[in-house]
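*Asks:* After the structure tokens below, expect a handful of questions from me.
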Amino acid sequence: MKIVSDTGPIIGLAKIDALFILKDIAREVLIPPAVHRELLGKVGIESERIDKALSDFIRVTELKPLEPAIREILSDLDEGERQAIGLAFTFSENVILLLDDRAGRLGAEKLNIPTTGLIGILLLAKEKGIFEKISPLLDELRNQGYWISDEVVNIARHLAGEK
């Protein structure tokens with residue numbers, strides 16, 4: 001499986017020193033140039049972790065210009081989201097788009113691209129035995145300033161069987 005990621009989930013995983021999850025789950029982890037630029041602008045402890053992942057297993061991948069119909073569907077999104085969705089769209093199978101933004105997910109859904117978010121990746125990591133519990137990770141994400149609503153945290157804990 002390939003993962004194509006937007007910026008936010010990579011930053012979140014870097015904040016809790018868990019970028020390795022992507023490497024453990026996916027055969028390839030790809031980002032478009034706009035996401036790469038956004039990641040390079042990040043400061044803080046996560047920037048070193050992101051740099052290491054970029055030199056190790058996250059691959060920046062160019063994409064072809066989007067068709068007008070696809071550009072129209074994605075017109076309200078920022079450049080990183082547009083490019084991430086466009087890159088994921090180029091793969092016909094075995095790709096998951098890692099994206100937290102609701103508007104971006106709706107655009108990807110219109111293009112029949114399977115998506116998950118940061119919480120979905122944590123749940124998958126638990127399912128694969130990478131983590132015993134995700135609740136401490138959710139707490140750490142929030143402590144590190146990554147915004148997750150109480151409702152989403154409660155749903156994630158419930159799905160993980162930790163409530």
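If you're wondering about the labels, chains in the structure tokens are A, B, ... by order shown, residues count from 1 in each chain, ligands from 1 in order shown.
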Can you tell me which residues surround stretch 16-30 of chain A at a distance of at most 6 Å, considering only C-alpha atoms, apart from same-chain residues fewer than 5 positions away, and format the answer as a list in words?
*Replies:*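 These residues fall inside the cut-off: Met1, Lys2, Ile3, Val4, Ile58, Arg59 and Val60 of chain A.
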*Asks:* From a DSSP calculation on the backbone, collect every residue of stretch 54-91 of chain A in helix (DSSP H, G or I) and output the set as a PyMOL selection string.
*Replies:* chain A and resi 54-56+68-73+79-89
*Asks:* Counting only C-alpha atoms, give me one row per residue of stretch 51-100 of chain A with an atom at most 12 Å from an atom of stretch 110-120 of chain A, showing the shortest contact pair and its distance in Å to one decimal, sorted by chain then residue number, as a tab-separated table.
*Replies:*
residue	atom	partner	partner_atom	distance
A:Ala69	CA	A:Leu111	CA	10.4
A:Ile70	CA	A:Leu111	CA	8.0
A:Arg71	CA	A:Leu111	CA	11.2
A:Glu72	CA	A:Lys110	CA	11.4
A:Ile73	CA	A:Lys110	CA	7.8
A:Leu74	CA	A:Lys110	CA	9.6
A:Ala84	CA	A:Ile113	CA	10.9
A:Ile85	CA	A:Ile113	CA	7.9
A:Gly86	CA	A:Leu111	CA	9.5
A:Leu87	CA	A:Ile113	CA	10.4
A:Ala88	CA	A:Ile113	CA	7.1
A:Phe89	CA	A:Ile113	CA	6.6
A:Thr90	CA	A:Ile113	CA	9.9
A:Phe91	CA	A:Ile113	CA	9.2
A:Ser92	CA	A:Ile113	CA	9.1
A:Glu93	CA	A:Ile113	CA	9.1
A:Asn94	CA	A:Pro114	CA	9.2
A:Val95	CA	A:Pro114	CA	7.2
A:Ile96	CA	A:Pro114	CA	5.3
A:Leu97	CA	A:Thr115	CA	4.5
A:Leu98	CA	A:Thr116	CA	5.2
A:Leu99	CA	A:Gly117	CA	5.0
A:Asp100	CA	A:Gly117	CA	4.8
*Asks:* For A:Glu38, find every residue with an atom within 12 Å (counting only C-alpha atoms), except residues of its own chain fewer than 4 positions away, and show them as a PyMOL selection string.
*Replies:* chain A and resi 6-8+10-11+31-34+42-43+47+50+78-81
*Asks:* So how far away is atom CA of A:Leu54 from atom CA of A:Leu39, in Å?
*Replies:*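 One can read the atom CA of A:Leu39 to atom CA of A:Leu54 distance as 9.5 Å.
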